[in-house]
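> Have a look at the structure that comes next, please.
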Amino acid sequence: MQRMRRRDMLALASGVGGAGLGLGAIPLLAQTPAATKPLDRNGGPYVPTPWPVVDRMIRTGTIGAQDLVMDLGCGDGRLVIAAAKRHGARGYGVDIDAELVRLANDTAAREGVGHLVRFEERNIFDTEVREATVLTLYLLPWMMMKLRPRFLSDLRPGTRIVAHDYHFEDWRAASEFTFDVPEKVAITGISTTTVYLFLVPARVEGRWAVEAPGAPAFDRGELVLRKTLNDFEGMLALGGRTPRRLDATSLKGLDLRFALPVEGPGGRAGRAIVRARVEGDRMEGTVESTLAATTRFSASRLN
Ligand SMILES: C[S@@+](CC[C@H](N)C(=O)[O-])C[C@H]1O[C@@H](n2cnc3c(N)ncnc32)[C@H](O)[C@@H]1O
């Protein structure tokens, strides 16, 4: 599978190998100005995402009318247009290729979603992404990694990134789905396709004042968290006691979870699991403990 993925990657980058991504195989490309004036398609050549993959990507992104879907390197705009047509989502796409941008805007108008979506000739590197709630990407691996720091710093926590075939290396996907798409053989030489979902994580790093009234040994405390790429690590000091290291930490978008050993009345040892949703400078959730019934958990950012 890894070897196939690698071959697929090289085919996309170079347009050679097996059935390969021969650029001549893409009729649209022949009509673009690329033939006369080379475009710096450093994010990858124009290869439209096949429709079964478009369907899967839209489902994976759980796209709805409240979303703003952005496709960086949008090609003919199919992902953004389909999201608008099917779910009433607003959309924005950029591509370095003016002909594709014109085609995308014309198609959007023809499909009756011109009021919802817009396409512009623009380099991905000059594109502001902050407003997106969903990003759709079909870009080469090096471009994915080049963009990763910007996505992590600029996108709002909880933003969904749905990626076709290429991922962000050690940034763990929230989900991935691999399936066979026969149309891909003509493009990449193989039919294997993967759709990844990444969730931009909440900004949890810092000090938090914890309140969990009613949870034995878990009343007032201070939580200190440090973000890692995929999760976080930290300590929780409860009621002035020695800080305890958190374990079983997990952060999926806005949803955080951790566990730690706790001490109940009379020195009884127990374990607590906290599950909370991080909304800006507040966390709200529950503490489940081996010492008592589940109670409410909340925390406010101190710095
Ligand atoms: C593999 S195609 C994907 C098209 C579309 N997103 C889809 O999934 O059907 C990649 C697209 O990115 C565009 N592209 C490559 N590098 C770019 C850059 N630096 N800025 C803007 N567009 C770029 C190419 O012109 C091409 O249309």
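Labels for the structure tokens follow display order: chains A, B, ..., residues from 1 in each chain, ligands from 1.
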Mind the document's chain letters and residue numbers, and return as a PyMOL selection string the residues of stretch 33-193 of chain A that DSSP labels helix (DSSP H, G or I).

chain A and resi 33-35+51-60+78-87+98-110+124-126+141-154+182-188

> Step one, run DSSP on the backbone; step two, keep only residues of stretch 166-279 of chain A assigned to strand (DSSP E); then write them as a VMD selection string.

chain A and resid 175 to 180 192 to 199 206 to 211 220 to 227 232 to 238 244 to 245 247 to 252 255 to 263 269 to 279

> Considering only C-alpha atoms and all ligand atoms, give me a table of residues in chain A that are at most 7 Å from ligand 1, with the closest atom pair and distance in Å for each, as CSV.


residue,atom,partner,partner_atom_place_in_ligand_line,distance
A:Asp40,CA,ligand 1,16 (N),6.4
A:Arg41,CA,ligand 1,16 (N),3.5
A:Asn42,CA,ligand 1,16 (N),4.3
A:Gly43,CA,ligand 1,16 (N),3.4
A:Gly44,CA,ligand 1,15 (C),4.6
A:Pro45,CA,ligand 1,26 (C),5.0
A:Tyr46,CA,ligand 1,26 (C),3.7
A:Val47,CA,ligand 1,1 (C),4.2
A:Pro48,CA,ligand 1,9 (O),3.4
A:Thr49,CA,ligand 1,9 (O),3.9
A:Asp71,CA,ligand 1,6 (N),5.8
A:Leu72,CA,ligand 1,22 (N),6.4
A:Gly73,CA,ligand 1,12 (O),3.3
A:Cys74,CA,ligand 1,6 (N),3.8
A:Gly75,CA,ligand 1,27 (O),3.6
A:Asp76,CA,ligand 1,9 (O),6.5
A:Gly77,CA,ligand 1,5 (C),6.4
A:Arg78,CA,ligand 1,9 (O),6.0
A:Leu79,CA,ligand 1,9 (O),6.5
A:Val94,CA,ligand 1,21 (C),5.9
A:Asp95,CA,ligand 1,22 (N),3.6
A:Ile96,CA,ligand 1,21 (C),4.0
A:Asp97,CA,ligand 1,25 (O),5.2
A:Arg122,CA,ligand 1,21 (C),5.7
A:Asn123,CA,ligand 1,20 (N),3.5
A:Ile124,CA,ligand 1,20 (N),3.9
A:Phe125,CA,ligand 1,19 (N),6.4
A:Leu137,CA,ligand 1,6 (N),5.8
A:Tyr138,CA,ligand 1,3 (C),4.8
A:Leu139,CA,ligand 1,1 (C),5.5

> So that I have them on file, write out the residues from the current selection with C-alpha atoms, as a PDB file, in the first residue's frame.


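The file below, result37.pdb, is the result:
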ATOM      1  CA  ASP A  40       4.190  27.471 -11.924  1.00  0.00           C
ATOM      2  CA  ARG A  41       1.812  24.757 -10.766  1.00  0.00           C
ATOM      3  CA  ASN A  42       4.021  23.951  -7.803  1.00  0.00           C
ATOM      4  CA  GLY A  43       1.074  22.442  -5.956  1.00  0.00           C
ATOM      5  CA  GLY A  44       0.590  19.875  -8.708  1.00  0.00           C
ATOM      6  CA  PRO A  45      -0.663  19.569 -12.292  1.00  0.00           C
ATOM      7  CA  TYR A  46      -4.330  19.869 -13.143  1.00  0.00           C
ATOM      8  CA  VAL A  47      -5.959  16.536 -12.350  1.00  0.00           C
ATOM      9  CA  PRO A  48      -9.661  16.758 -11.521  1.00  0.00           C
ATOM     10  CA  THR A  49     -10.836  14.716  -8.556  1.00  0.00           C
ATOM     11  CA  ASP A  71     -10.438  24.637  -2.476  1.00  0.00           C
ATOM     12  CA  LEU A  72      -6.795  25.672  -2.868  1.00  0.00           C
ATOM     13  CA  GLY A  73      -5.855  24.754  -6.421  1.00  0.00           C
ATOM     14  CA  CYS A  74      -9.520  24.414  -7.344  1.00  0.00           C
ATOM     15  CA  GLY A  75      -9.164  23.277 -10.964  1.00  0.00           C
ATOM     16  CA  ASP A  76     -12.598  23.366 -12.596  1.00  0.00           C
ATOM     17  CA  GLY A  77     -14.182  24.155  -9.199  1.00  0.00           C
ATOM     18  CA  ARG A  78     -16.081  20.866  -8.965  1.00  0.00           C
ATOM     19  CA  LEU A  79     -15.691  20.360  -5.187  1.00  0.00           C
ATOM     20  CA  VAL A  94      -8.249  29.745  -6.266  1.00  0.00           C
ATOM     21  CA  ASP A  95      -6.115  28.416  -9.064  1.00  0.00           C
ATOM     22  CA  ILE A  96      -2.998  29.643 -10.820  1.00  0.00           C
ATOM     23  CA  ASP A  97      -4.634  28.792 -14.139  1.00  0.00           C
ATOM     24  CA  ARG A 122      -4.490  33.471  -7.430  1.00  0.00           C
ATOM     25  CA  ASN A 123      -1.483  31.665  -6.042  1.00  0.00           C
ATOM     26  CA  ILE A 124      -2.246  29.440  -3.073  1.00  0.00           C
ATOM     27  CA  PHE A 125       0.551  31.169  -1.160  1.00  0.00           C
ATOM     28  CA  LEU A 137      -7.201  19.787  -1.080  1.00  0.00           C
ATOM     29  CA  TYR A 138      -5.724  17.687  -3.843  1.00  0.00           C
ATOM     30  CA  LEU A 139      -2.132  18.896  -3.750  1.00  0.00           C
TER      31      LEU A 139
END

> With distances taken over only C-alpha atoms, which of A:Arg275, A:Arg296, A:Arg86, A:Arg301 is nearest to A:Glu211?

A:Arg296

> Applying 9 Å and only C-alpha atoms, which residues near stretch 219-235 of chain A remain after dropping the ones on its own chain fewer than 2 positions away? List them as a PyMOL selection string.

chain A and resi 170-172+201+203-217+237-241+243-247+249-252+256+260+299

> Would you mind listing what lies within 12 Å of A:Ile63 as a ChimeraX atom specification, with only C-alpha atoms counted and same-chain residues fewer than 2 positions away left out?

/A:55-61,65-70,79-80,82-91,132-136,159-162

> Tell me which protein, DNA and RNA residues are within 12 Å of A:Arg150, counting only C-alpha atoms, leaving out same-chain ones fewer than 5 positions away, and put them as a list in words.

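Within the cut-off, the hits are Ile124, Phe125, Asp126, Thr127, Glu128, Val129, Arg130, Met143, Met144, Met145, Leu155, Arg156 and Val200 of chain A.
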
> Here is a test: counting only C-alpha atoms, which residue of A:Arg118, A:Pro157, A:Pro52, A:Val185 is nearest to A:Glu279?

A:Pro157

> Could you give me, as a PyMOL selection string, the residues within 7 Å of A:Ser289, counting only C-alpha atoms and dropping anything in the same chain fewer than 3 positions from it?

chain A and resi 271-273+292-294

> Which residues come within 12 Å of A:Asp106, counting only C-alpha atoms, excluding same-chain residues fewer than 4 positions away, as a PyMOL selection string?

chain A and resi 76-78+81+99-102+110-115+117-119

> Please produce a file of the residues just selected, as a compact mmCIF listing (two decimals), in the first residue's frame, where the atoms kept are C-alpha atoms.


# COMPACT_ATOMS: atom_id res chain seq x y z
CA ASP A 76 -12.60 23.37 -12.60
CA GLY A 77 -14.18 24.16 -9.20
CA ARG A 78 -16.08 20.87 -8.96
CA ILE A 81 -19.66 23.85 -6.84
CA GLU A 99 -8.67 29.33 -17.91
CA LEU A 100 -9.70 26.93 -15.16
CA VAL A 101 -10.88 29.82 -13.01
CA ARG A 102 -13.01 31.12 -15.88
CA ARG A 110 -24.72 27.67 -15.22
CA GLU A 111 -25.41 25.39 -12.24
CA GLY A 112 -27.27 28.20 -10.44
CA VAL A 113 -24.79 28.66 -7.57
CA GLY A 114 -23.00 31.76 -8.85
CA HIS A 115 -24.39 33.71 -5.87
CA VAL A 117 -19.34 30.62 -4.83
CA ARG A 118 -16.48 32.59 -6.35
CA PHE A 119 -13.25 31.56 -8.05
